[in-house]
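**Q** This is the structure, below, for whatever I ask next.
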Amino acid sequence: MATPFLVPHWPDLPAGVGALATQRNGGVSPAPYGDGKGGKGLNLGVHVGDQLRNVELNRYLLRGVLPAAPAWLSQVHGEVVLDAAAVAADSAPQADASFTAARRTVCAVLTADCLPVLFSDVDGNVVAAAHAGWRGLAGGVLARTVAAMRAAGAGEILAWLGPAIGPSEFEVGADVLAAFRAGADTSEARAWVDAAFAPIAGRPGKYLADIYALARGVLRRDGVERVAGGGWCTVSEAARFYSYRRDGVTGRQASLIWRK
(Lines give C-alpha, C1' and ligand atoms only; values in the text may rest on other atoms or scores of the structure.)
Protein backbone atom coordinates (compact mmCIF):
# COMPACT_ATOMS: atom_id res chain seq x y z
CA MET A 1 0.00 0.00 0.00
CA ALA A 2 1.40 3.39 -0.98
CA THR A 3 1.84 5.69 1.99
CA PRO A 4 2.77 9.23 0.93
CA PHE A 5 4.63 11.50 3.28
CA LEU A 6 5.58 15.13 3.52
CA VAL A 7 9.37 15.29 3.32
CA PRO A 8 10.54 18.53 4.96
CA HIS A 9 12.12 21.14 2.72
CA TRP A 10 14.89 21.82 5.20
CA PRO A 11 18.05 22.86 3.36
CA ASP A 12 20.23 22.96 6.50
CA LEU A 13 19.31 19.47 7.72
CA PRO A 14 22.49 17.38 8.18
CA ALA A 15 22.88 14.37 5.90
CA GLY A 16 22.97 12.04 8.88
CA VAL A 17 19.45 12.97 10.02
CA GLY A 18 16.12 11.72 8.68
CA ALA A 19 12.82 13.56 9.03
CA LEU A 20 9.29 13.30 7.71
CA ALA A 21 5.70 14.23 8.43
CA THR A 22 2.67 12.13 7.64
CA GLN A 23 -0.48 13.31 5.90
CA ARG A 24 -4.00 11.94 6.25
CA ASN A 25 -4.04 9.60 3.24
CA GLY A 26 -2.48 6.19 2.72
CA GLY A 27 -3.78 4.23 5.69
CA VAL A 28 -6.68 1.96 6.62
CA SER A 29 -8.90 4.11 8.86
CA PRO A 30 -12.46 4.88 7.69
CA ALA A 31 -14.28 8.21 8.08
CA PRO A 32 -14.10 10.37 10.12
CA TYR A 33 -10.44 9.29 10.23
CA GLY A 34 -10.23 8.79 6.46
CA ASP A 35 -8.50 10.78 3.76
CA GLY A 36 -11.29 13.34 3.42
CA LYS A 37 -12.06 12.17 -0.11
CA GLY A 38 -13.95 8.98 0.59
CA GLY A 39 -10.86 6.81 1.04
CA LYS A 40 -9.05 5.38 4.03
CA GLY A 41 -6.81 7.49 6.25
CA LEU A 42 -3.48 7.21 8.05
CA ASN A 43 -4.68 8.09 11.55
CA LEU A 44 -1.87 7.51 14.04
CA GLY A 45 -3.65 8.57 17.23
CA VAL A 46 -4.87 5.87 19.62
CA HIS A 47 -6.92 8.33 21.70
CA VAL A 48 -9.36 9.75 19.14
CA GLY A 49 -12.00 7.00 18.85
CA ASP A 50 -10.60 5.06 15.90
CA GLN A 51 -10.47 1.27 16.15
CA LEU A 52 -7.22 0.23 17.80
CA ARG A 53 -6.50 -2.36 15.10
CA ASN A 54 -6.70 0.39 12.45
CA VAL A 55 -4.22 2.57 14.31
CA GLU A 56 -1.90 -0.36 14.87
CA LEU A 57 -1.89 -1.15 11.14
CA ASN A 58 -1.35 2.50 10.26
CA ARG A 59 1.63 2.59 12.64
CA TYR A 60 2.91 -0.61 11.07
CA LEU A 61 2.77 1.02 7.63
CA LEU A 62 4.68 4.01 8.96
CA ARG A 63 7.23 1.78 10.69
CA GLY A 64 8.21 0.40 7.29
CA VAL A 65 9.97 3.65 6.36
CA LEU A 66 11.62 4.25 9.75
CA PRO A 67 14.76 2.80 11.36
CA ALA A 68 12.82 1.88 14.52
CA ALA A 69 9.40 2.20 16.07
CA PRO A 70 8.77 5.80 17.18
CA ALA A 71 8.97 6.77 20.84
CA TRP A 72 5.30 7.73 21.08
CA LEU A 73 4.19 10.13 23.82
CA SER A 74 0.89 10.85 25.57
CA GLN A 75 0.71 14.58 24.89
CA VAL A 76 -0.94 16.84 27.46
CA HIS A 77 -0.21 20.39 26.18
CA GLY A 78 2.56 20.74 28.75
CA GLU A 79 6.30 21.34 28.78
CA VAL A 80 7.80 17.97 29.78
CA VAL A 81 10.70 16.82 27.57
CA LEU A 82 11.96 13.22 27.68
CA ASP A 83 14.95 11.35 26.29
CA ALA A 84 13.42 9.23 23.53
CA ALA A 85 16.06 6.55 24.03
CA ALA A 86 14.71 6.00 27.55
CA VAL A 87 11.07 5.61 26.47
CA ALA A 88 10.11 1.95 26.75
CA ALA A 89 8.30 0.35 23.82
CA ASP A 90 4.51 0.85 23.97
CA SER A 91 4.77 2.91 27.15
CA ALA A 92 3.69 6.36 25.78
CA PRO A 93 4.63 8.44 28.86
CA GLN A 94 3.08 11.85 29.40
CA ALA A 95 5.26 14.48 27.72
CA ASP A 96 5.09 16.94 24.85
CA ALA A 97 8.60 16.65 23.45
CA SER A 98 11.48 14.22 23.19
CA PHE A 99 15.14 14.42 22.21
CA THR A 100 17.87 11.90 21.54
CA ALA A 101 21.58 11.65 20.88
CA ALA A 102 21.22 7.95 20.05
CA ARG A 103 21.20 6.64 16.51
CA ARG A 104 18.12 4.90 15.10
CA THR A 105 15.88 6.31 17.83
CA VAL A 106 12.82 8.08 16.44
CA CYS A 107 11.38 11.17 18.13
CA ALA A 108 7.73 11.74 17.23
CA VAL A 109 4.79 14.02 18.00
CA LEU A 110 1.14 13.84 16.93
CA THR A 111 -0.87 16.86 15.84
CA ALA A 112 -4.15 17.96 14.27
CA ASP A 113 -3.77 21.80 14.34
CA CYS A 114 -1.10 22.26 17.01
CA LEU A 115 2.39 23.02 15.76
CA PRO A 116 4.95 20.21 15.42
CA VAL A 117 8.55 21.40 15.65
CA LEU A 118 11.49 19.22 14.64
CA PHE A 119 15.04 20.04 15.76
CA SER A 120 18.58 19.02 14.88
CA ASP A 121 21.94 20.49 15.71
CA VAL A 122 24.13 21.41 12.76
CA ASP A 123 26.32 18.33 13.11
CA GLY A 124 23.38 15.94 13.42
CA ASN A 125 24.44 14.75 16.86
CA VAL A 126 21.21 15.54 18.73
CA VAL A 127 17.63 15.68 17.39
CA ALA A 128 14.25 16.42 18.94
CA ALA A 129 10.54 16.75 18.26
CA ALA A 130 8.10 18.98 20.14
CA HIS A 131 4.31 19.37 20.20
CA ALA A 132 3.50 23.06 20.54
CA GLY A 133 -0.11 24.00 21.02
CA TRP A 134 -0.56 27.55 22.17
CA ARG A 135 -0.43 26.53 25.85
CA GLY A 136 2.81 24.62 25.45
CA LEU A 137 4.28 27.31 23.23
CA ALA A 138 3.48 30.05 25.74
CA GLY A 139 4.52 27.80 28.63
CA GLY A 140 8.00 27.06 27.33
CA VAL A 141 7.99 23.64 25.67
CA LEU A 142 10.32 24.79 22.89
CA ALA A 143 12.72 26.44 25.34
CA ARG A 144 12.83 23.26 27.42
CA THR A 145 13.46 21.17 24.30
CA VAL A 146 16.33 23.40 23.23
CA ALA A 147 17.78 23.29 26.76
CA ALA A 148 17.57 19.47 26.83
CA MET A 149 19.36 19.26 23.49
CA ARG A 150 22.13 21.55 24.67
CA ALA A 151 22.53 19.53 27.85
CA ALA A 152 22.95 16.46 25.61
CA GLY A 153 25.81 18.14 23.75
CA ALA A 154 24.07 19.87 20.85
CA GLY A 155 25.88 22.62 18.99
CA GLU A 156 24.01 25.25 16.98
CA ILE A 157 20.37 24.18 16.75
CA LEU A 158 18.18 24.19 13.64
CA ALA A 159 14.37 23.91 13.60
CA TRP A 160 11.61 23.01 11.15
CA LEU A 161 7.97 24.04 11.64
CA GLY A 162 5.53 21.40 10.44
CA PRO A 163 1.87 21.61 9.40
CA ALA A 164 -0.34 23.55 11.81
CA ILE A 165 -3.38 25.78 11.85
CA GLY A 166 -2.79 28.83 9.66
CA PRO A 167 -3.06 32.49 10.67
CA SER A 168 -6.33 33.02 8.78
CA GLU A 169 -8.06 30.25 10.79
CA PHE A 170 -6.58 30.41 14.29
CA GLU A 171 -9.19 32.46 16.14
CA VAL A 172 -8.33 32.99 19.80
CA GLY A 173 -9.44 35.06 22.76
CA ALA A 174 -7.72 37.69 24.85
CA ASP A 175 -6.52 34.99 27.25
CA VAL A 176 -4.16 33.60 24.60
CA LEU A 177 -2.71 37.04 23.87
CA ALA A 178 -2.31 37.62 27.61
CA ALA A 179 -0.47 34.31 28.03
CA PHE A 180 2.13 35.30 25.45
CA ARG A 181 2.40 38.87 26.71
CA ALA A 182 3.09 37.51 30.20
CA GLY A 183 6.25 35.86 28.90
CA ALA A 184 7.38 38.87 26.87
CA ASP A 185 9.95 40.45 29.16
CA THR A 186 11.57 42.81 26.65
CA SER A 187 10.26 45.46 24.27
CA GLU A 188 11.42 43.32 21.34
CA ALA A 189 9.47 40.32 22.62
CA ARG A 190 6.36 42.42 23.19
CA ALA A 191 6.63 43.69 19.63
CA TRP A 192 6.73 40.26 17.99
CA VAL A 193 4.01 38.93 20.26
CA ASP A 194 1.65 41.79 19.42
CA ALA A 195 2.48 41.52 15.71
CA ALA A 196 1.36 37.87 15.74
CA PHE A 197 -2.19 38.76 16.87
CA ALA A 198 -4.55 40.52 14.44
CA PRO A 199 -7.70 41.95 16.06
CA ILE A 200 -10.93 40.75 14.42
CA ALA A 201 -13.02 43.74 13.36
CA GLY A 202 -16.27 44.13 15.27
CA ARG A 203 -15.39 41.38 17.77
CA PRO A 204 -13.67 42.90 20.80
CA GLY A 205 -11.26 40.52 22.51
CA LYS A 206 -11.01 38.19 19.51
CA TYR A 207 -7.88 37.78 17.40
CA LEU A 208 -6.41 35.76 14.57
CA ALA A 209 -3.10 34.37 15.84
CA ASP A 210 -0.10 33.35 13.75
CA ILE A 211 1.33 30.30 15.51
CA TYR A 212 4.24 30.14 13.06
CA ALA A 213 5.26 33.72 13.87
CA LEU A 214 4.93 33.04 17.59
CA ALA A 215 7.14 29.95 17.32
CA ARG A 216 9.77 31.82 15.32
CA GLY A 217 9.82 34.53 17.97
CA VAL A 218 10.14 32.01 20.81
CA LEU A 219 12.92 30.14 19.01
CA ARG A 220 14.80 33.34 18.22
CA ARG A 221 14.60 34.34 21.88
CA ASP A 222 16.19 31.00 22.75
CA GLY A 223 19.01 31.39 20.24
CA VAL A 224 17.57 29.32 17.38
CA GLU A 225 17.87 31.55 14.33
CA ARG A 226 17.84 29.05 11.46
CA VAL A 227 14.20 28.01 11.15
CA ALA A 228 12.64 26.36 8.09
CA GLY A 229 9.09 25.24 7.29
CA GLY A 230 5.77 26.83 8.14
CA GLY A 231 3.16 28.06 5.72
CA TRP A 232 0.61 25.22 5.78
CA CYS A 233 -2.89 25.37 7.20
CA THR A 234 -4.29 22.14 8.60
CA VAL A 235 -7.79 23.64 8.75
CA SER A 236 -8.06 24.81 5.13
CA GLU A 237 -6.02 21.97 3.56
CA ALA A 238 -8.65 19.31 4.26
CA ALA A 239 -7.40 16.94 1.56
CA ARG A 240 -3.96 16.73 3.19
CA PHE A 241 -4.29 17.13 6.94
CA TYR A 242 -6.42 16.21 9.91
CA SER A 243 -7.82 19.20 11.81
CA TYR A 244 -9.50 19.07 15.18
CA ARG A 245 -10.76 22.63 14.88
CA ARG A 246 -12.35 21.92 11.51
CA ASP A 247 -13.82 18.47 12.18
CA GLY A 248 -13.88 17.78 15.92
CA VAL A 249 -13.72 14.00 15.65
CA THR A 250 -10.70 13.34 13.46
CA GLY A 251 -7.33 11.60 13.25
CA ARG A 252 -3.79 12.67 14.04
CA GLN A 253 -0.75 13.05 11.81
CA ALA A 254 2.83 12.65 12.98
CA SER A 255 6.09 14.55 12.59
CA LEU A 256 9.22 12.47 13.17
CA ILE A 257 13.00 12.86 13.27
CA TRP A 258 15.94 10.52 13.92
CA ARG A 259 19.69 10.11 13.61
CA LYS A 260 20.54 7.59 10.90
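In the C-alpha coordinates, each chain is lettered A, B, ... as it comes, each chain's residues begin at 1, and ligands are numbered from 1 in order of appearance.
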Output as a ChimeraX atom specification all residues of range 77-138 of chain A that backbone DSSP marks as strand (DSSP E or B).

**A** /A:81-83,94,97-100,103,106-111,115-121,127-132

**Q** Can you tell me which residues surround range 18-21 of chain A at a distance of at most 9 Å, considering only C-alpha atoms, apart from same-chain residues fewer than 6 positions away, and format the answer as a VMD selection string?

**A** chain A and resid 5 to 8 66 118 162 to 163 253 to 260

**Q** I need the residues from that last selection saved to file as a CSV table (one decimal), in the first residue's frame (with N, CA, C and O atoms), if you can.

**A**
```csv
chain,number,residue,atom,x,y,z
A,5,PHE,N,4.2,10.7,2.2
A,5,PHE,CA,4.6,11.5,3.3
A,5,PHE,C,5.0,12.9,2.8
A,5,PHE,O,5.3,13.1,1.6
A,6,LEU,N,5.1,13.8,3.8
A,6,LEU,CA,5.6,15.1,3.5
A,6,LEU,C,7.0,15.1,4.0
A,6,LEU,O,7.3,15.0,5.2
A,7,VAL,N,7.9,15.2,3.0
A,7,VAL,CA,9.4,15.3,3.3
A,7,VAL,C,9.8,16.8,3.5
A,7,VAL,O,9.6,17.6,2.6
A,8,PRO,N,10.2,17.1,4.7
A,8,PRO,CA,10.5,18.5,5.0
A,8,PRO,C,11.5,19.1,4.0
A,8,PRO,O,12.5,18.5,3.6
A,66,LEU,N,10.8,3.7,8.6
A,66,LEU,CA,11.6,4.3,9.8
A,66,LEU,C,12.7,3.2,10.2
A,66,LEU,O,12.5,2.0,10.0
A,118,LEU,N,10.4,20.2,14.7
A,118,LEU,CA,11.5,19.2,14.6
A,118,LEU,C,12.8,20.0,14.8
A,118,LEU,O,12.9,21.1,14.3
A,162,GLY,N,6.4,22.3,11.2
A,162,GLY,CA,5.5,21.4,10.4
A,162,GLY,C,4.1,21.9,10.3
A,162,GLY,O,3.8,23.1,10.7
A,163,PRO,N,3.2,21.1,9.7
A,163,PRO,CA,1.9,21.6,9.4
A,163,PRO,C,1.1,21.9,10.7
A,163,PRO,O,1.0,21.1,11.6
A,253,GLN,N,-1.9,13.3,12.6
A,253,GLN,CA,-0.7,13.1,11.8
A,253,GLN,C,0.5,13.2,12.7
A,253,GLN,O,0.4,13.7,13.8
A,254,ALA,N,1.6,12.7,12.2
A,254,ALA,CA,2.8,12.6,13.0
A,254,ALA,C,3.9,13.4,12.3
A,254,ALA,O,4.0,13.5,11.0
A,255,SER,N,4.8,14.0,13.1
A,255,SER,CA,6.1,14.5,12.6
A,255,SER,C,7.2,13.8,13.3
A,255,SER,O,7.1,13.7,14.6
A,256,LEU,N,8.2,13.4,12.6
A,256,LEU,CA,9.2,12.5,13.2
A,256,LEU,C,10.6,12.8,12.7
A,256,LEU,O,10.8,13.3,11.6
A,257,ILE,N,11.6,12.6,13.6
A,257,ILE,CA,13.0,12.9,13.3
A,257,ILE,C,13.9,11.9,14.0
A,257,ILE,O,13.6,11.4,15.1
A,258,TRP,N,15.0,11.5,13.4
A,258,TRP,CA,15.9,10.5,13.9
A,258,TRP,C,17.3,10.7,13.4
A,258,TRP,O,17.5,11.3,12.3
A,259,ARG,N,18.3,10.2,14.1
A,259,ARG,CA,19.7,10.1,13.6
A,259,ARG,C,19.8,8.8,12.9
A,259,ARG,O,19.4,7.7,13.4
A,260,LYS,N,20.4,8.8,11.7
A,260,LYS,CA,20.5,7.6,10.9
A,260,LYS,C,21.6,6.7,11.5
A,260,LYS,O,22.5,7.1,12.2
```

**Q** Show which residues sit within 9 Å of Gly230 in chain A, as number ranges by chain. Count only C-alpha atoms, and ignore same-chain residues fewer than 6 positions away.

**A** A: 160-164, 166, 212-213

**Q** Which neighbours of Gln94 in chain A fall inside 12 Å, counting only C-alpha atoms, when residues of the same chain fewer than 4 positions from it are skipped, and could you give them as a VMD selection string?

**A** chain A and resid 71 to 82 87 98 109 131

**Q** Would you return as a ChimeraX atom specification the members of range 15-251 of chain A that DSSP assigns to alpha helix (DSSP H) on this structure's backbone?

**A** /A:52-63,134-139,141-151,174-182,187-195,211-221,244-247
